[in-house]
>>> print(open('run05.cif').read())   # mmCIF, C-alpha atoms
data_query
loop_
_atom_site.label_atom_id
_atom_site.label_comp_id
_atom_site.auth_asym_id
_atom_site.auth_seq_id
_atom_site.Cartn_x
_atom_site.Cartn_y
_atom_site.Cartn_z
CA MET A 1 13.38 1.71 -9.48
CA SER A 2 11.76 2.90 -6.26
CA PHE A 3 9.35 1.04 -3.99
CA ASN A 4 8.94 3.08 -0.80
CA ILE A 5 6.38 3.06 2.01
CA THR A 6 6.37 6.17 4.23
CA ILE A 7 4.35 6.06 7.44
CA LEU A 8 2.42 9.27 8.09
CA GLY A 9 0.26 8.05 10.97
CA SER A 10 0.31 5.08 13.35
CA ALA A 11 -2.35 5.90 15.94
CA GLY A 12 -5.65 4.15 16.46
CA ALA A 13 -8.91 5.99 16.97
CA MET A 14 -7.36 9.29 18.01
CA PRO A 15 -4.01 11.12 17.97
CA SER A 16 -1.86 10.38 21.01
CA PHE A 17 1.74 10.75 22.23
CA GLY A 18 2.90 12.34 18.98
CA ARG A 19 1.18 9.70 16.88
CA PHE A 20 -1.19 10.67 14.07
CA PRO A 21 -4.17 8.66 12.76
CA SER A 22 -3.68 6.17 9.94
CA SER A 23 -2.11 7.28 6.67
CA GLN A 24 0.66 5.99 4.41
CA PHE A 25 2.36 7.37 1.32
CA ILE A 26 3.41 4.82 -1.30
CA GLU A 27 5.89 5.43 -4.12
CA ILE A 28 6.33 2.71 -6.74
CA GLN A 29 8.36 3.42 -9.88
CA ASN A 30 7.40 7.11 -10.01
CA ARG A 31 3.78 6.37 -9.21
CA TYR A 32 2.41 7.94 -6.04
CA PHE A 33 -0.44 6.68 -3.88
CA LEU A 34 -2.03 7.61 -0.56
CA ILE A 35 -3.55 4.93 1.67
CA ASP A 36 -6.01 6.33 4.20
CA CYS A 37 -5.95 9.99 5.15
CA GLY A 38 -6.41 10.51 8.86
CA GLU A 39 -6.44 13.89 10.57
CA GLY A 40 -3.22 15.82 9.94
CA ALA A 41 -2.12 13.66 7.01
CA GLN A 42 -1.28 16.61 4.76
CA MET A 43 0.79 18.21 7.52
CA GLN A 44 2.71 14.96 7.84
CA MET A 45 3.27 14.85 4.09
CA MET A 46 4.73 18.33 4.22
CA ARG A 47 6.81 17.46 7.27
CA TYR A 48 8.42 14.44 5.61
CA GLY A 49 8.83 16.03 2.19
CA VAL A 50 6.86 13.54 0.16
CA SER A 51 5.59 14.47 -3.31
CA PHE A 52 1.92 14.65 -2.33
CA HIS A 53 1.03 16.96 -5.22
CA ARG A 54 1.81 14.02 -7.54
CA VAL A 55 -0.74 11.71 -5.89
CA ASP A 56 -3.36 10.60 -8.41
CA HIS A 57 -4.93 7.72 -6.46
CA ILE A 58 -6.19 7.68 -2.86
CA PHE A 59 -7.34 4.45 -1.23
CA ILE A 60 -9.60 4.74 1.85
CA SER A 61 -9.95 1.44 3.69
CA HIS A 62 -13.17 2.29 5.54
CA LEU A 63 -15.26 5.18 6.82
CA HIS A 64 -14.24 5.40 10.45
CA GLY A 65 -13.05 8.96 10.98
CA ASP A 66 -9.47 8.14 11.89
CA HIS A 67 -8.98 6.88 8.35
CA TYR A 68 -10.44 9.75 6.31
CA LEU A 69 -10.97 12.93 8.37
CA GLY A 70 -7.83 14.52 6.90
CA LEU A 71 -9.08 14.11 3.37
CA MET A 72 -11.07 17.34 2.92
CA GLY A 73 -8.16 19.52 4.00
CA PHE A 74 -5.90 17.70 1.56
CA LEU A 75 -8.41 18.10 -1.29
CA PHE A 76 -8.67 21.85 -0.67
CA THR A 77 -4.88 22.18 -0.58
CA LEU A 78 -4.67 20.53 -3.99
CA HIS A 79 -7.34 22.97 -5.20
CA LEU A 80 -5.42 25.99 -3.85
CA GLN A 81 -2.29 24.73 -5.59
CA ARG A 82 -4.23 24.84 -8.88
CA ARG A 83 -4.31 21.12 -9.49
CA GLN A 84 -6.13 20.33 -12.72
CA THR A 85 -5.52 16.63 -13.30
CA ASP A 86 -8.16 14.09 -12.26
CA LEU A 87 -7.94 12.57 -8.77
CA HIS A 88 -9.14 8.98 -8.23
CA ILE A 89 -10.59 8.07 -4.82
CA TYR A 90 -11.37 4.46 -3.93
CA SER A 91 -13.79 3.89 -1.05
CA HIS A 92 -16.78 2.00 0.21
CA PRO A 93 -20.12 3.78 -0.45
CA GLY A 94 -20.68 7.06 1.37
CA LEU A 95 -17.43 8.97 0.99
CA ASP A 96 -18.67 10.60 -2.21
CA GLU A 97 -21.69 11.94 -0.28
CA ILE A 98 -19.48 13.23 2.56
CA ILE A 99 -17.21 15.13 0.18
CA THR A 100 -20.05 16.46 -1.97
CA LEU A 101 -21.93 17.72 1.11
CA GLN A 102 -18.93 19.67 2.40
CA LEU A 103 -18.27 21.20 -1.00
CA ARG A 104 -21.93 22.19 -1.31
CA HIS A 105 -22.15 23.91 2.07
CA SER A 106 -18.86 25.76 1.59
CA LEU A 107 -20.00 26.88 -1.88
CA SER A 108 -16.81 25.39 -3.26
CA SER A 109 -15.97 23.97 -6.66
CA LEU A 110 -12.62 22.23 -7.12
CA ASN A 111 -10.32 23.02 -10.03
CA TYR A 112 -9.97 19.31 -10.74
CA LYS A 113 -12.33 16.38 -11.12
CA ILE A 114 -12.69 13.67 -8.48
CA LEU A 115 -13.45 10.22 -9.86
CA PHE A 116 -14.96 7.91 -7.22
CA HIS A 117 -14.42 4.17 -7.39
CA ARG A 118 -16.73 2.06 -5.25
CA LEU A 119 -15.32 -0.79 -3.18
CA GLU A 120 -17.51 -3.78 -2.40
CA GLU A 121 -17.61 -5.55 0.94
CA GLY A 122 -16.00 -8.98 1.04
CA GLU A 123 -14.67 -8.65 -2.47
CA SER A 124 -11.14 -9.21 -3.74
CA ARG A 125 -10.56 -7.61 -7.13
CA ILE A 126 -8.10 -5.45 -9.03
CA ILE A 127 -9.09 -1.80 -8.71
CA PHE A 128 -6.04 -0.23 -10.36
CA GLU A 129 -3.75 -1.51 -13.07
CA ASP A 130 -1.17 -0.13 -15.46
CA ASN A 131 1.83 -1.59 -17.26
CA VAL A 132 3.88 -1.73 -14.04
CA LEU A 133 1.64 -2.83 -11.17
CA THR A 134 -1.77 -3.79 -9.87
CA VAL A 135 -3.67 -2.78 -6.74
CA GLU A 136 -6.12 -5.35 -5.44
CA THR A 137 -8.60 -5.19 -2.57
CA ILE A 138 -8.27 -7.49 0.44
CA PRO A 139 -11.52 -8.30 2.33
CA LEU A 140 -11.19 -7.50 6.04
CA VAL A 141 -13.54 -8.08 8.98
CA HIS A 142 -14.34 -4.98 11.04
CA LYS A 143 -17.38 -3.27 12.54
CA ILE A 144 -18.18 -1.63 9.21
CA ARG A 145 -17.24 -2.41 5.61
CA CYS A 146 -13.47 -2.44 5.36
CA SER A 147 -10.87 -3.36 2.75
CA GLY A 148 -7.13 -3.76 2.69
CA PHE A 149 -4.98 -3.18 -0.38
CA LEU A 150 -2.40 -5.32 -2.11
CA PHE A 151 0.24 -3.64 -4.29
CA LYS A 152 2.03 -6.00 -6.66
CA GLU A 153 4.52 -5.24 -9.39
CA LYS A 154 3.94 -7.14 -12.61
CA PRO A 155 6.55 -9.63 -13.85
CA LYS A 156 9.57 -7.77 -15.18
CA PRO A 157 11.41 -8.43 -18.46
CA ARG A 158 14.62 -10.41 -18.59
CA ARG A 159 17.77 -8.31 -18.44
CA VAL A 160 20.22 -8.25 -21.33
CA ASP A 161 23.64 -9.45 -20.20
CA LYS A 162 25.83 -6.77 -21.75
CA THR A 163 28.99 -8.77 -21.04
CA HIS A 164 27.82 -11.50 -23.45
CA LEU A 165 26.01 -9.37 -26.01
CA PRO A 166 27.29 -9.89 -29.58
CA GLU A 167 27.98 -6.85 -31.74
CA GLY A 168 25.55 -5.92 -34.47
CA LEU A 169 22.26 -6.87 -32.83
CA THR A 170 19.35 -4.67 -33.88
CA PHE A 171 17.04 -2.87 -31.46
CA HIS A 172 14.31 -5.31 -32.47
CA GLN A 173 16.49 -8.29 -31.59
CA ILE A 174 17.42 -6.79 -28.23
CA ALA A 175 13.74 -6.15 -27.51
CA SER A 176 13.01 -9.78 -28.33
CA LEU A 177 15.65 -10.87 -25.84
CA LYS A 178 14.00 -8.77 -23.12
CA ASP A 179 10.69 -10.45 -23.94
CA GLY A 180 12.29 -13.83 -23.31
CA LYS A 181 12.58 -14.80 -26.98
CA ASP A 182 15.54 -16.22 -28.88
CA VAL A 183 17.24 -14.22 -31.63
CA THR A 184 16.30 -15.74 -34.99
CA ASP A 185 17.05 -15.07 -38.63
CA GLU A 186 14.45 -14.32 -41.29
CA GLN A 187 13.79 -18.04 -41.75
CA GLY A 188 13.13 -18.51 -38.05
CA ASN A 189 16.38 -20.30 -37.31
CA ILE A 190 17.84 -19.62 -33.87
CA ILE A 191 20.98 -17.51 -34.01
CA TYR A 192 21.37 -16.92 -30.27
CA LYS A 193 19.52 -18.60 -27.41
CA ASN A 194 17.87 -16.22 -24.99
CA SER A 195 19.36 -18.02 -21.98
CA ASP A 196 22.88 -17.34 -23.29
CA LEU A 197 22.45 -13.58 -23.57
CA THR A 198 20.14 -12.60 -20.71
CA LEU A 199 19.87 -12.59 -16.94
CA PRO A 200 16.74 -13.44 -14.93
CA PRO A 201 14.23 -10.60 -14.43
CA ARG A 202 14.50 -8.47 -11.33
CA HIS A 203 12.28 -9.30 -8.38
CA SER A 204 8.66 -8.13 -8.61
CA ARG A 205 7.94 -6.52 -5.25
CA SER A 206 4.75 -6.58 -3.20
CA TYR A 207 3.12 -4.86 -0.24
CA ALA A 208 -0.07 -5.77 1.63
CA TYR A 209 -1.90 -3.18 3.72
CA CYS A 210 -4.34 -4.67 6.21
CA SER A 211 -6.22 -1.92 7.97
CA ASP A 212 -8.65 -2.41 10.87
CA THR A 213 -9.62 -6.06 11.16
CA LYS A 214 -10.22 -8.80 13.64
CA TYR A 215 -8.06 -11.92 13.49
CA HIS A 216 -9.22 -14.14 10.63
CA GLU A 217 -7.15 -16.72 8.83
CA THR A 218 -9.01 -16.40 5.51
CA LEU A 219 -6.61 -13.52 5.02
CA VAL A 220 -3.61 -15.84 4.82
CA PRO A 221 -3.84 -17.14 1.23
CA ARG A 222 -4.45 -13.65 -0.14
CA ILE A 223 -1.24 -12.23 1.31
CA LYS A 224 0.98 -15.30 1.15
CA ASP A 225 4.69 -14.63 0.42
CA MET A 226 4.34 -10.83 0.37
CA ASP A 227 7.56 -8.87 0.74
CA ILE A 228 6.03 -6.59 3.39
CA LEU A 229 2.79 -6.93 5.32
CA TYR A 230 1.30 -4.07 7.30
CA HIS A 231 -1.21 -5.42 9.80
CA GLU A 232 -2.99 -3.49 12.49
CA ALA A 233 -1.97 -4.31 16.08
CA THR A 234 -4.26 -2.11 18.15
CA PHE A 235 -3.88 -4.02 21.44
CA MET A 236 -1.63 -6.37 23.37
CA THR A 237 -2.91 -9.84 24.26
CA GLU A 238 -3.82 -8.70 27.77
CA GLU A 239 -6.60 -6.70 26.06
CA LEU A 240 -7.82 -9.59 23.91
CA ASP A 241 -11.42 -9.17 25.06
CA LYS A 242 -11.31 -5.54 23.95
CA ALA A 243 -9.86 -6.57 20.59
CA ILE A 244 -12.63 -9.12 20.06
CA ASP A 245 -15.34 -6.64 21.07
CA THR A 246 -14.07 -3.90 18.73
CA LYS A 247 -13.05 -6.28 15.93
CA HIS A 248 -9.42 -5.30 16.09
CA SER A 249 -6.27 -7.41 16.40
CA THR A 250 -3.54 -7.85 18.97
CA ALA A 251 0.16 -7.66 18.17
CA GLU A 252 0.38 -11.40 18.74
CA GLN A 253 -2.43 -12.06 16.27
CA ALA A 254 -0.81 -9.85 13.64
CA ALA A 255 2.39 -11.85 14.04
CA ILE A 256 0.54 -15.15 13.71
CA ILE A 257 -0.98 -13.96 10.42
CA ALA A 258 2.49 -12.94 9.21
CA LEU A 259 3.93 -16.32 10.20
CA LYS A 260 1.17 -18.32 8.54
CA SER A 261 1.40 -16.14 5.41
CA GLN A 262 5.18 -16.58 5.20
CA VAL A 263 5.71 -12.89 4.48
CA LYS A 264 9.23 -11.50 4.63
CA LYS A 265 8.61 -8.53 6.95
CA LEU A 266 5.77 -7.40 9.22
CA LEU A 267 4.92 -3.78 10.02
CA ILE A 268 2.52 -3.21 12.91
CA GLY A 269 0.55 -0.04 13.58
CA HIS A 270 -2.83 1.48 14.53
CA PHE A 271 -1.82 1.52 18.19
CA SER A 272 -4.37 2.19 20.91
CA ALA A 273 -4.02 5.46 22.81
CA ARG A 274 -3.68 3.45 26.03
CA TYR A 275 -0.06 2.65 25.09
CA LYS A 276 2.34 5.52 25.63
CA GLU A 277 5.29 3.23 24.93
CA LEU A 278 5.20 0.67 22.13
CA ASP A 279 7.95 -1.69 23.26
CA GLY A 280 5.46 -4.17 24.69
CA LEU A 281 3.56 -4.45 21.42
CA LEU A 282 6.77 -4.95 19.46
CA LYS A 283 8.10 -7.55 21.89
CA GLU A 284 4.83 -9.49 21.74
CA ALA A 285 4.89 -9.64 17.95
CA LYS A 286 8.60 -10.40 17.63
CA ALA A 287 8.24 -13.40 19.95
CA ILE A 288 6.26 -15.06 17.15
CA PHE A 289 7.54 -13.30 14.04
CA PRO A 290 11.05 -11.91 14.62
CA ASN A 291 11.18 -9.70 11.53
CA THR A 292 8.61 -7.27 12.92
CA VAL A 293 9.06 -3.51 13.10
CA LEU A 294 6.93 -0.61 14.30
CA ALA A 295 5.25 1.37 11.51
CA ILE A 296 5.70 4.74 13.19
CA GLU A 297 5.65 8.29 11.86
CA GLY A 298 8.44 9.29 9.53
CA GLU A 299 9.73 5.76 8.90
CA THR A 300 10.24 4.81 5.25
CA PHE A 301 10.49 1.15 4.29
CA SER A 302 12.12 0.47 0.92
CA LEU A 303 12.15 -2.69 -1.15
CA GLU A 304 15.06 -3.51 -3.42
CA GLU A 305 14.55 -5.23 -6.75
#
>>> encode(input="run05.cif", output="structure tokens")
Amino acid sequence: MSFNITILGSAGAMPSFGRFPSSQFIEIQNRYFLIDCGEGAQMQMMRYGVSFHRVDHIFISHLHGDHYLGLMGFLFTLHLQRRQTDLHIYSHPGLDEIITLQLRHSLSSLNYKILFHRLEEGESRIIFEDNVLTVETIPLVHKIRCSGFLFKEKPKPRRVDKTHLPEGLTFHQIASLKDGKDVTDEQGNIIYKNSDLTLPPRHSRSYAYCSDTKYHETLVPRIKDMDILYHEATFMTEELDKAIDTKHSTAEQAAIIALKSQVKKLLIGHFSARYKELDGLLKEAKAIFPNTVLAIEGETFSLEE
């Protein structure tokens, strides 16, 4: 089953050198999510052919414009396409007022209902859950209230080993095997041990999205052992003073967090407009955490089970 992360925007505060403001499209087992929605996000979705009309949940990390100014255009596009299903938007307080004000002054009423979910500063909690995965907030430290998001698949059932499966098992018995149980008779006696007929469950995949944040190691235990970590890398170390002043991170700091968290792969993004070329940022991060890649427009990162 799919677990794909498509980068729609990698720029910092403003578009530059063909880079768009922050936005990512996430597909997990036929579930579709949007993280942040910077200017031009819907154009990027169309450009890269993602199924944006199937998005039911939008997560906005914070209310700096480069992370949400593309949202109203996207909402109106969904309206014009006659969307009728509910749309869930997760944000810190204020986004509901921004959207409501624009709808009011344009005398507009959407075909569908928007359900707002309020994020709390400094809080880590599950904000979305179904039978397949959870989405949890990650407290970040920025100039305004800001949250990251952690996507985690739930533990998967054991897999029936068809090469060792006896004939005549009922559907109920096979279901019991997938649940990790032994096959028993009516008296409760074990007929077949689960370990003899099943294989271990497939890997439960995970992705951590850390939007704008200064370097802070309290992040480490929350994202430990993630398959992929996205961490902002607005500046190079030569601009450390600027990073501290604006409560952003350097590429080196992002790599240190990845190393301490023992994640498998690091994606860096949210690049300052001062950098026309990104090789320096990548080199700086890779010197500390070799499995680092640039999260640039059009790149899709997939996780295998």
>>> closest_residue(input="run05.cif", among="A:Phe151, A:Asp241, A:Val141, A:Leu107", to="Ile126 of chain A", atoms="only C-alpha atoms")
A:Phe151
>>> resolve_selection(input="run05.cif", expression="the PyMOL selection byres ((chain A and resi 244-251) around 8)", output="JSON, numbers by chain")
{"A": [141, 142, 143, 212, 213, 214, 215, 232, 233, 234, 235, 236, 237, 239, 240, 241, 242, 243, 252, 253, 254, 255, 268, 281, 282, 284, 285]}
>>> residues_around(input="run05.cif", residues="Tyr68 of chain A", least_positions_apart="4", cutoff="9 Å", atoms="all atoms listed in the file", output="ChimeraX atom specification")
/A:22-23,36-39,60-64,72,95
>>> atom_distance(input="run05.cif", atom1="atom CA of Leu78 of chain A", atom2="atom CA of Ile114 of chain A")
11.5 Å
>>> resolve_selection(input="run05.cif", expression="the PyMOL selection byres ((chain A and resi 40) around 10)", output="list of chain:residue names")
A:Leu8, A:Gly9, A:Pro15, A:Phe20, A:Pro21, A:Ser22, A:Ser23, A:Cys37, A:Gly38, A:Glu39, A:Ala41, A:Gln42, A:Met43, A:Gln44, A:Met45, A:Leu69, A:Gly70, A:Leu71, A:Gly73, A:Phe74
>>> resolve_selection(input="run05.cif", expression="the PyMOL selection byres ((chain A and resi 219) around 10)", output="PyMOL selection string")
chain A and resi 138-141+210+215-218+220-224+257+260-261
>>> closest_residue(input="run05.cif", among="A:Val50, A:Met1, A:Ala273, A:Ala13", to="Gly298 of chain A", atoms="all atoms listed in the file")
A:Val50
>>> residues_around(input="run05.cif", residues="Arg54 of chain A", least_positions_apart="4", cutoff="9 Å", atoms="all atoms listed in the file", output="list in words")
Arg31, Tyr32 and Phe33 of chain A
>>> atom_distance(input="run05.cif", atom1="atom CA of Glu153 of chain A", atom2="atom CA of Ile26 of chain A")
13.0 Å
>>> closest_residue(input="run05.cif", among="A:Asp66, A:Phe3, A:Glu120, A:Ile127", to="His88 of chain A", atoms="only C-alpha atoms")
A:Ile127
>>> residues_near_point(input="run05.cif", point="(22.6, -10.5, -17.7)", cutoff="7 Å", atoms="only C-alpha atoms", output="PyMOL selection string")
chain A and resi 159-162+197-199
>>> write_last_selection(input="run05.cif", atoms="C-alpha atoms", output="PDB file, keeping the file's coordinate frame")
ATOM      1  CA  ARG A 159      17.770  -8.310 -18.440  1.00  0.00           C
ATOM      2  CA  VAL A 160      20.220  -8.250 -21.330  1.00  0.00           C
ATOM      3  CA  ASP A 161      23.640  -9.450 -20.200  1.00  0.00           C
ATOM      4  CA  LYS A 162      25.830  -6.770 -21.750  1.00  0.00           C
ATOM      5  CA  LEU A 197      22.450 -13.580 -23.570  1.00  0.00           C
ATOM      6  CA  THR A 198      20.140 -12.600 -20.710  1.00  0.00           C
ATOM      7  CA  LEU A 199      19.870 -12.590 -16.940  1.00  0.00           C
TER       8      LEU A 199
END
>>> atom_distance(input="run05.cif", atom1="atom CA of Ser272 of chain A", atom2="atom CA of His92 of chain A")
24.1 Å
>>> closest_residue(input="run05.cif", among="A:Asn131, A:Lys152, A:Gly269, A:Gly65", to="Met14 of chain A", atoms="all atoms listed in the file")
A:Gly65
>>> residues_around(input="run05.cif", residues="Asp196 of chain A", least_positions_apart="2", cutoff="12 Å", atoms="only C-alpha atoms", output="PyMOL selection string")
chain A and resi 158-166+177+180-183+190-194+198-200
>>> closest_residue(input="run05.cif", among="A:Leu169, A:Leu150, A:Leu267, A:Ala175", to="Tyr207 of chain A", atoms="all atoms listed in the file")
A:Leu150
>>> closest_residue(input="run05.cif", among="A:Ala11, A:Leu133, A:Val293, A:Leu119", to="Cys146 of chain A", atoms="only C-alpha atoms")
A:Leu119
>>> residues_around(input="run05.cif", residues="Gln262 of chain A", least_positions_apart="2", cutoff="8 Å", atoms="all atoms listed in the file", output="JSON, numbers by chain")
{"A": [224, 225, 226, 258, 259, 260, 264]}
